[in-house]
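Student: The structure that follows is given in the form of structure tokens.
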Amino acid sequence: MLALWIVPLVTLVIFLWFYLRDPRRIINGFLFNIFALSAGGMCILAAITSDIPILRILAIFPVILIFLVLLFGGFALAILLLINGRILIKKEGRKFSNYLALLLGICILAYIVLSFIQPVSYMPWWAQILYSGVTVLLFYFFIDLSSFLSAYFLYQFNRPKLNQNFIVVLGSRVIGRRVPPLLANRINKAIEFYHRQEAVTTPPKIIFSGGKGSDEQVSEAEAMQAYALDKGIPIEDTIQENRSTNTYENMLFSKQIMDDLSGGSRYNSIFTTNNFHLFRAGMYARLAGLPSQGIGAKTALYYWPNAMIREYVAVVVMNKKRHSIVSGILLGIPVIVLMFTFFVR
């Protein structure tokens, strides 16, 4: 029995090695999931085979929970997404991006209904082969989504030290000259960290990063800086980066400012954004060559499911080359099997 614990131990060591090197990678979530599944499985097995009756009884509960999740989890998730989608549309308006949770809930329900109907049995043999390829592809994206969610969850525990030279506040759309609540939360998070560090050492410079959109009166950087000045931040501790149009440029152009101000010396920096956007922003920082970690501002609970769907779709697009290759292989294999079958027949 003891020898079987080598698997979770090895996976834990591998996970920690990757995570401590850089927590901004999806592979961290994949490795953590393997560790969690292997460790959980071993705990249940150890409890079932134990001579202690109470442990055997306790081992039944996670088994029942797993069974219920497999049986009703999809249906419960679909219902929750439908409810959340309705709440989000009511609070945030009828934009397409606000319909994502609702659409995903409908798709999950449709999949459950089709699974009961079992349309595969009515398909011709060649369609069943293609269907199997699509099923494997969906399983691949399920693993990828699970890895993303775990990596995202782990990244929320990032706690930077109070020795930062710069804080980068990532911009988002402003309304006229006014900072909307979602963006205000990002600035407030930076101000909170600024005062915490100011209490123990030299406060950091705050870089407000965001250009001017075609529908905005001023740049996001200017609006954010004005908001921070109203909150009591000295103007000499604020910097505008007003060229960027997306998160990658936020990181890249802010890095250029920090490199110039530091004069080639080493510096410490963090960035602030909303917590649902935190992990993807960290991935963009990594792409820009910026070794910054992030801290996230709280977001309303009803906003999370829809935001996480958008974040995952955006991360898939960021890694479109890898996903295209894997998708091509998984869908290409059944096509090759079909061609070979037709040739043999």
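We label chains A, B, ... in the order they appear in the structure tokens, count residues from 1 in each chain, and number ligands from 1 in the order shown.
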Just the residues within 12 Å of region 225-236 of chain A, please, counting only C-alpha atoms, with nothing from its chain fewer than 2 positions along; format it as a PyMOL selection string.

Tutor: chain A and resi 168-171+174+177-181+183-195+198+203-210+218-223+238-242

Student: Just want the 9 Å neighbourhood of region 324-334 of chain A, counted on only C-alpha atoms, with same-chain residues fewer than 3 positions away dropped. Output as a PyMOL selection string.

Tutor: chain A and resi 129-134+136-137+140+319-321+337-339

Student: Please return, as a ChimeraX atom specification, all residues of region 47-183 of chain A that DSSP assigns to strand (DSSP E) on the basis of the backbone.

Tutor: /A:166-170

Student: Leaving out Cys43 (chain A) and any residue of its chain fewer than 4 positions from it, which residues lie within 12 Å of it when counting only C-alpha atoms, given as a list in words?

Tutor: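 Close residues of Cys43 (chain A): Met1, Leu2, Leu4, Trp5, Pro8, Ala36, Leu37, Ser38, Ala39, Ala47, Ile48, Thr49, Ser50, Leu55, Arg56, Leu58, Ala59, Ile60, Pro62 and Val63 of chain A.
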
Student: Would you please extract all alpha helix (DSSP H) residues from region 127-345 of chain A, as assigned by DSSP on the backbone, and give them as a PyMOL selection string?

Tutor: chain A and resi 127-155+181-198+220-230+247-262+278-287+304-318+320-344
